[in-house]
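Accompanying notes for the structure given below.
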Amino acid sequence: MTALASRCGPALAAFASICLAISGGAHAHSASDAYLTVTAERSASGAVRIHGQWDIALRDLDFVLKLDDDGDGRLTWGEVRGHQAAIEQYVYRYLKLDGGSGNRCSIQPARQMIDDHADGAYAALFFEAACPRAARKVTLRYSLFFDIDPSHRGIFVMHDQSAIATALLSPRNAQVDLAF
Amino acid sequence: MNCRDRSAWGAARLCARLTACACVGLTSLNSTSAADLAGPPAPFRTPYLPAADSEILQEVPSIADPAVADMRALRTAFNASPSSLTAAIHLADAYIDYGRQIGDAHYAGYAEAVIGPWARAPVPPAAALVTQATILQYRHQFNDARDLLQRSVQLNPRDAQAWLTLATLEMVQGNYEKVAQNCAKVASTADVETGLTCVAGLRSYTGRARESLAMLQQVATAAERGSPAYRAWVEGLTAESAERLGDWTLAETHYRSALKLLPHDNFLLVAYADYLLDRARPQEVLPLLAEHAQSDTAFLRLALAQEALHSDQVQRYVWIMAARFEALRLRGSEYFGREESRFALRLQHDPQTALDMGLRNWQMQREPWDARVVLEAALAAKRPQAAMPVLDFLQAARLEDPLIEPLVRELRAEIAASAGASR
């Protein structure tokens, strides 16, 4: 434990108004991460299909969409299920796939499940994406939560045949080119 | 597992090995890499559909918590006047305080989104710089935090909060002369009691814990007028100073008083859990932290308690802890050197790794626990010489600590013996 204090409250005019909390050497919980995993497939014509799984922490979704209907601090499957349409509508605004000029790939949300991670339960959103024309390169643009939490990171993993490649998506590194 | 960086991935910065991967649900990843994943299998299911609507999946902040209700109200006020600095600071501070209390770094991110635009303005308001610096300090970006705080006190030398935050930063990094200077500024810009408390913290790290206790006793009476957080600060410091002197009974009394004031404060809970682990009372750690397993620092103490109790749950705890550290690495964080070193030494039984992590952490943080992890790992790794920078620092600081002093003596004896043998 650190011996000194840190902040609590903007004004420090009088003793009684000071609000200090004991600080610590290490903070306690990792910040917000989401896991985006895709597998790419090419047809003989060169058309690209992408299968994706996007794991997003229920805690993060609750912060923006207020999933805890009864406000008891416990998210149930019923509450999550009741908000699946809102979740889908929200998150897919922040993911774009683009196969070049006039070749924006459409993302088709598929099912939603639950995935347990070491730091809690995540919504697992499955999707399919297809680009209208053949593309040698597809650009993925990611901006989930960046407007409300610039420390959010998208941990991106791509499986392409036997290879696995990863990228860390952040506000400064919000796009990645997938080469085929 | 293959992790190939491909030239076509120009924008991709990271190519990380995903062993002990935190993304446990990726069945395809597991199936291609099972041989690479050391240790027991993930104690989790693959993605699933819960059987019943009533199944509880996740705890989240409850609106019944007044702090959560306050944050929502402040958010509404901020959304209504996005150009108001006051609204931004109130909201950002509320996020920071709440995140610190429950041990959740998400809130530092929410605060940054609110205050960042102000802090990055061509002529930033001093108060916005202090709030932004607090966020950076929380993330252990100490140099950037220091820069912002120095700019802030140039703009407003009367800002006691800025001086106190600066003192905290220098304390964490072991720059004790600077702490003394900053505490003097705190005393002249805030009040005598806060200045005294600032100095008392310094004394407890520099071989004058008895003086520290006397000062805190003096402050405690006046602090009764202060907020619970202020009083908990004084109580927590008193507990820590008592520990420096090996007065375990006094330390416990004050940890308990502090926790009565702030029952859910992550830092206090973790400090008290460490106290209990050191006193060989691991069975008390489990109920203390049962509701705080989501905090990584609390989770480590739960794992250490399970280990001390020889529980059959240890492997599960170790797996989850490793996965959480791996998740941090994947996002490029290095916040947890102290915790990771303890984890490597005590739960992975890997003193070399523990020493490397402890020494790397020592470059950033120099509090007693940061020293202790290096000393313990250096002994276990039979590399006493590696602890020299820490031994020199402790000698100069004259830190008193009945748990650290024996480690110092043992290491010095080993260093002397090996020097004698090689002569």
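Just so we're on the same page: first chain in the structure tokens is A, next is B, and so on; residues restart at 1 for each chain, and ligands are numbered from 1 in the order they show up.
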
Please provide the set of residues having any atom within 10 Å of region 389-393 of chain B, restricted to only C-alpha atoms, with same-chain residues fewer than 5 positions apart removed, written as a ChimeraX atom specification. /B:174,359,362-363,366,370-372,374-375,384,398-399,407-409,411-412

Residue subset to file, keeping C-alpha atoms, as a CSV table (one decimal), in the first residue's frame:
```
chain,number,residue,atom,x,y,z
B,174,GLY,CA,11.2,6.5,-3.9
B,359,LEU,CA,13.7,-6.0,-11.0
B,362,TRP,CA,11.8,-1.8,-9.4
B,363,GLN,CA,12.7,0.5,-12.2
B,366,ARG,CA,10.1,1.5,-5.1
B,370,ASP,CA,8.5,-3.7,-4.5
B,371,ALA,CA,11.7,-4.1,-2.6
B,372,ARG,CA,10.4,-7.3,-0.8
B,374,VAL,CA,13.0,-8.5,-5.4
B,375,LEU,CA,14.7,-9.7,-2.2
B,384,PRO,CA,21.9,-12.4,-4.2
B,398,ARG,CA,16.9,3.4,6.1
B,399,LEU,CA,13.6,1.6,5.7
B,407,LEU,CA,15.9,-10.7,3.9
B,408,VAL,CA,18.5,-7.9,3.7
B,409,ARG,CA,20.7,-9.6,6.3
B,411,LEU,CA,21.3,-11.5,1.2
B,412,ARG,CA,24.2,-9.4,2.5
```

Residues at most 6 Å from Leu169 (chain A), counting only C-alpha atoms, excluding those fewer than 2 positions away in the same chain, as a list in words?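 These residues fall inside the cut-off: Arg153, Gly154, Asn173 and Ala174 of chain A.
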
Output C-alpha atoms of each residue in that selection to a file, as an mmCIF file, in the first residue's frame.
```
data_model
loop_
_atom_site.group_PDB
_atom_site.id
_atom_site.type_symbol
_atom_site.label_atom_id
_atom_site.label_comp_id
_atom_site.auth_asym_id
_atom_site.auth_seq_id
_atom_site.Cartn_x
_atom_site.Cartn_y
_atom_site.Cartn_z
ATOM 1 C CA ARG A 153 -8.433 -2.446 -26.659
ATOM 2 C CA GLY A 154 -9.603 -4.833 -29.305
ATOM 3 C CA ASN A 173 -4.219 1.841 -34.235
ATOM 4 C CA ALA A 174 -7.828 1.384 -35.191
#
```

Quick one: pick out all strand (DSSP E or B) residues within region 58-129 of chain A from a backbone DSSP run and write them as a ChimeraX atom specification. /A:74-76,95-98,104-117,120-129

Suppose we keep C-alpha atoms; can you now write the selection as a PDB file, in the first residue's frame?
```
ATOM      1  CA  ARG A  74     -26.645  -9.015 -11.131  1.00  0.00           C
ATOM      2  CA  LEU A  75     -26.955  -9.500 -14.849  1.00  0.00           C
ATOM      3  CA  THR A  76     -29.038 -12.535 -15.680  1.00  0.00           C
ATOM      4  CA  LEU A  95     -16.848  -2.527 -36.935  1.00  0.00           C
ATOM      5  CA  LYS A  96     -16.336  -2.007 -40.663  1.00  0.00           C
ATOM      6  CA  LEU A  97     -14.811  -4.234 -43.287  1.00  0.00           C
ATOM      7  CA  ASP A  98     -13.865  -2.734 -46.576  1.00  0.00           C
ATOM      8  CA  ARG A 104     -17.671  -2.494 -48.684  1.00  0.00           C
ATOM      9  CA  CYS A 105     -18.214  -5.879 -47.125  1.00  0.00           C
ATOM     10  CA  SER A 106     -21.516  -6.475 -45.400  1.00  0.00           C
ATOM     11  CA  ILE A 107     -21.557  -7.880 -41.912  1.00  0.00           C
ATOM     12  CA  GLN A 108     -24.386 -10.245 -41.113  1.00  0.00           C
ATOM     13  CA  PRO A 109     -24.860 -10.747 -37.387  1.00  0.00           C
ATOM     14  CA  ALA A 110     -25.516 -14.380 -36.521  1.00  0.00           C
ATOM     15  CA  ARG A 111     -26.193 -15.816 -33.077  1.00  0.00           C
ATOM     16  CA  GLN A 112     -25.215 -14.443 -29.674  1.00  0.00           C
ATOM     17  CA  MET A 113     -23.935 -16.660 -26.909  1.00  0.00           C
ATOM     18  CA  ILE A 114     -22.069 -16.245 -23.624  1.00  0.00           C
ATOM     19  CA  ASP A 115     -18.344 -16.827 -23.248  1.00  0.00           C
ATOM     20  CA  ASP A 116     -16.587 -16.973 -19.897  1.00  0.00           C
ATOM     21  CA  HIS A 117     -13.237 -15.220 -19.698  1.00  0.00           C
ATOM     22  CA  GLY A 120     -15.913 -12.254 -16.226  1.00  0.00           C
ATOM     23  CA  ALA A 121     -18.657 -13.172 -18.672  1.00  0.00           C
ATOM     24  CA  TYR A 122     -18.656 -11.840 -22.204  1.00  0.00           C
ATOM     25  CA  ALA A 123     -21.296 -11.689 -24.884  1.00  0.00           C
ATOM     26  CA  ALA A 124     -20.001 -13.766 -27.796  1.00  0.00           C
ATOM     27  CA  LEU A 125     -21.339 -12.265 -31.016  1.00  0.00           C
ATOM     28  CA  PHE A 126     -20.940 -14.422 -34.098  1.00  0.00           C
ATOM     29  CA  PHE A 127     -21.083 -12.895 -37.556  1.00  0.00           C
ATOM     30  CA  GLU A 128     -20.455 -13.575 -41.206  1.00  0.00           C
ATOM     31  CA  ALA A 129     -19.059 -11.020 -43.612  1.00  0.00           C
TER      32      ALA A 129
END
```

For region 34-42 of chain A, find every residue with an atom within 7 Å (counting only C-alpha atoms), except residues of its own chain fewer than 4 positions away, and show them as a VMD selection string. (chain A and resid 46 to 57 153 to 160) or (chain B and resid 23)

Applying 12 Å and only C-alpha atoms, which residues near region 115-121 of chain B remain after dropping the ones on its own chain fewer than 2 positions away? List them as a ChimeraX atom specification. /A:147-151 /B:78,82-96,108-113,123-136,145,148-149,151-152

Which residues, written as a PyMOL selection string, have at least one atom at most 8 Å from Arg346 (chain B), with only C-alpha atoms counted and residues fewer than 4 positions away on the same chain left out? chain B and resi 304+342+350

With N, CA and C atoms kept, could you save the residues just selected as a PDB file, in the first residue's frame?
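Dumped to again_4.pdb:
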```pdb
ATOM      1  N   LEU B 304      -3.164 -16.822  -3.201  1.00  0.00           N
ATOM      2  CA  LEU B 304      -2.110 -17.081  -2.210  1.00  0.00           C
ATOM      3  C   LEU B 304      -2.700 -17.737  -0.954  1.00  0.00           C
ATOM      4  N   ARG B 342       5.270 -11.780  -7.432  1.00  0.00           N
ATOM      5  CA  ARG B 342       4.782 -12.632  -6.336  1.00  0.00           C
ATOM      6  C   ARG B 342       4.122 -13.888  -6.870  1.00  0.00           C
ATOM      7  N   ASP B 350       8.715 -20.163  -9.786  1.00  0.00           N
ATOM      8  CA  ASP B 350       9.691 -19.834 -10.821  1.00  0.00           C
ATOM      9  C   ASP B 350      10.479 -18.602 -10.361  1.00  0.00           C
TER      10      ASP B 350
END
```

Which value, in Å to one decimal, gives the distance between CA of Tyr98 (chain B) and CA of Glu59 (chain B)?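 Going from CA of Tyr98 (chain B) over to CA of Glu59 (chain B) covers 15.5 Å.
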
Can you tell me which residues surround Arg93 (chain A) at a distance of at most 10 Å, considering only C-alpha atoms, apart from same-chain residues fewer than 4 positions away, and format the answer as an NGL selection string? :A and (88-89 or 142-144)

May I ask for the distance between CA of Asn182 (chain B) and CA of Asp97 (chain B), given in Å to one decimal place?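 It comes out at 22.4 Å.
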
Need to verify the contact set: Gln101 (chain B), 7 Å, only C-alpha atoms, exclusion of same-chain residues closer than 5 positions in sequence. Can you return it as a count of residues only? 3
